[in-house]
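Structure first, then comments.
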Amino acid sequence: MQHAIMLGVMCYLLLNISSLPTNHQLIAVVTVVVMSVQNSFILSKSNIALAIECPRLLIFPLLWVASGMGMAAFVFGALSLASLLVLANAVRHRNHRRPLNLTNEPENLA
């Protein structure tokens with residue numbers, strides 16, 4: 001999902017490079033670079049990936065909206081929010097422990 005969002009931002013940047021003001025171009029380039037680095041952290045299963053994922057998913061959409069990038073900012077924000085919800089759901093299920101089934105596992109009685 002992260003890779004698809006990054007590719008969408010990169011395509012938006014490439015298709016609108018001539019019509020975007022310099023500050024919007026800079027914001028889009030920084031977004032693509034940071035998302036590329038973040039995707040490499042995720043693929044390498046780094047411990048830092050989860051720690052910086054949530055702030056990145058909150059900061060960049062707000063930056064896009066604050067700079068006035070229009071409809072692209074709202075689409076990017078919605079996709080980032082969806083990605084944040086998927087991340088929260090994955091973390092919640094990963095940390096969930098099943099209750100002990102003591103009848104099948106007598107070694108857990110101690």
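By order of appearance in the structure tokens: chains A, B, ..., then residues from 1 within every chain, and ligands from 1 in the order shown.
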
Item to check | Residue contacts of region 72-75 of chain A (10 Å, only C-alpha atoms) excluding same-chain residues fewer than 3 positions away, as a PyMOL selection string | outcome: chain A and resi 9+12+60-69+78-81

Could the residues in this selection be saved with N, CA and C atoms as an mmCIF file, in the first residue's frame?
data_model
loop_
_atom_site.group_PDB
_atom_site.id
_atom_site.type_symbol
_atom_site.label_atom_id
_atom_site.label_comp_id
_atom_site.auth_asym_id
_atom_site.auth_seq_id
_atom_site.Cartn_x
_atom_site.Cartn_y
_atom_site.Cartn_z
ATOM 1 N N VAL A 9 2.033 9.565 -5.871
ATOM 2 C CA VAL A 9 2.606 10.899 -5.648
ATOM 3 C C VAL A 9 3.644 11.206 -6.712
ATOM 4 N N TYR A 12 1.852 12.000 -9.952
ATOM 5 C CA TYR A 12 1.278 13.342 -9.849
ATOM 6 C C TYR A 12 2.358 14.391 -10.068
ATOM 7 N N PHE A 60 3.013 14.563 6.491
ATOM 8 C CA PHE A 60 3.025 14.912 5.073
ATOM 9 C C PHE A 60 1.647 15.278 4.516
ATOM 10 N N PRO A 61 0.577 14.561 4.848
ATOM 11 C CA PRO A 61 -0.731 15.029 4.355
ATOM 12 C C PRO A 61 -1.099 16.416 4.892
ATOM 13 N N LEU A 62 -0.771 16.682 6.150
ATOM 14 C CA LEU A 62 -1.047 18.012 6.705
ATOM 15 C C LEU A 62 -0.218 19.080 6.002
ATOM 16 N N LEU A 63 1.011 18.748 5.642
ATOM 17 C CA LEU A 63 1.873 19.674 4.905
ATOM 18 C C LEU A 63 1.281 19.980 3.534
ATOM 19 N N TRP A 64 0.770 18.956 2.870
ATOM 20 C CA TRP A 64 0.151 19.146 1.556
ATOM 21 C C TRP A 64 -1.091 20.030 1.666
ATOM 22 N N VAL A 65 -1.926 19.758 2.660
ATOM 23 C CA VAL A 65 -3.149 20.552 2.835
ATOM 24 C C VAL A 65 -2.797 21.992 3.192
ATOM 25 N N ALA A 66 -1.827 22.188 4.073
ATOM 26 C CA ALA A 66 -1.445 23.537 4.507
ATOM 27 C C ALA A 66 -0.832 24.355 3.371
ATOM 28 N N SER A 67 -0.175 23.682 2.437
ATOM 29 C CA SER A 67 0.439 24.422 1.332
ATOM 30 C C SER A 67 -0.566 24.761 0.235
ATOM 31 N N GLY A 68 -1.770 24.224 0.332
ATOM 32 C CA GLY A 68 -2.805 24.554 -0.635
ATOM 33 C C GLY A 68 -2.677 23.800 -1.945
ATOM 34 N N MET A 69 -2.373 22.514 -1.882
ATOM 35 C CA MET A 69 -2.201 21.736 -3.110
ATOM 36 C C MET A 69 -3.519 21.212 -3.665
ATOM 37 N N ALA A 78 -6.381 11.209 2.290
ATOM 38 C CA ALA A 78 -7.290 10.064 2.460
ATOM 39 C C ALA A 78 -6.530 8.748 2.341
ATOM 40 N N LEU A 79 -5.615 8.659 1.385
ATOM 41 C CA LEU A 79 -4.815 7.438 1.236
ATOM 42 C C LEU A 79 -3.900 7.231 2.435
ATOM 43 N N SER A 80 -3.339 8.301 2.954
ATOM 44 C CA SER A 80 -2.486 8.187 4.133
ATOM 45 C C SER A 80 -3.287 7.772 5.357
ATOM 46 N N LEU A 81 -4.497 8.297 5.478
ATOM 47 C CA LEU A 81 -5.360 7.902 6.589
ATOM 48 C C LEU A 81 -5.724 6.420 6.483
#

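Across the structure, CA of Ala28 (chain A) and CA of Phe41 (chain A) are spaced 20.0 Å apart.
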
Item to check | Computed interatomic separation between CA of Ser83 (chain A) and CA of Met6 (chain A) (Å) | outcome: 11.7 Å

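CA of His3 (chain A) to CA of Leu20 (chain A) spans 23.0 Å [interatomic distance, one decimal].
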
Item to check | For Leu57 (chain A), the nearest of the candidates A:Met1, A:Ile42, A:Leu84, A:Val37, counting only C-alpha atoms | outcome: A:Leu84

Checklist entry - Could you write out, as number ranges by chain, all the residues of chain A that DSSP marks as helix (DSSP H, G or I)? => result A: 2-15, 22-43, 47-67, 71-94, 106-109

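Among the candidates A:Ala82, A:Val29, A:Met10, A:Leu15, the residue lying nearest to Leu58 (chain A) is A:Ala82 (atoms considered: only C-alpha atoms).
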
Item to check | Closest of A:Met35, A:Ala49, A:Ser40, A:Ile27 to Leu7 (chain A) - atom-to-atom distances counting only C-alpha atoms | outcome: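 Checking each of A:Met35, A:Ala49, A:Ser40, A:Ile27 against Leu7 (chain A), counting only C-alpha atoms, the winner is A:Met35.
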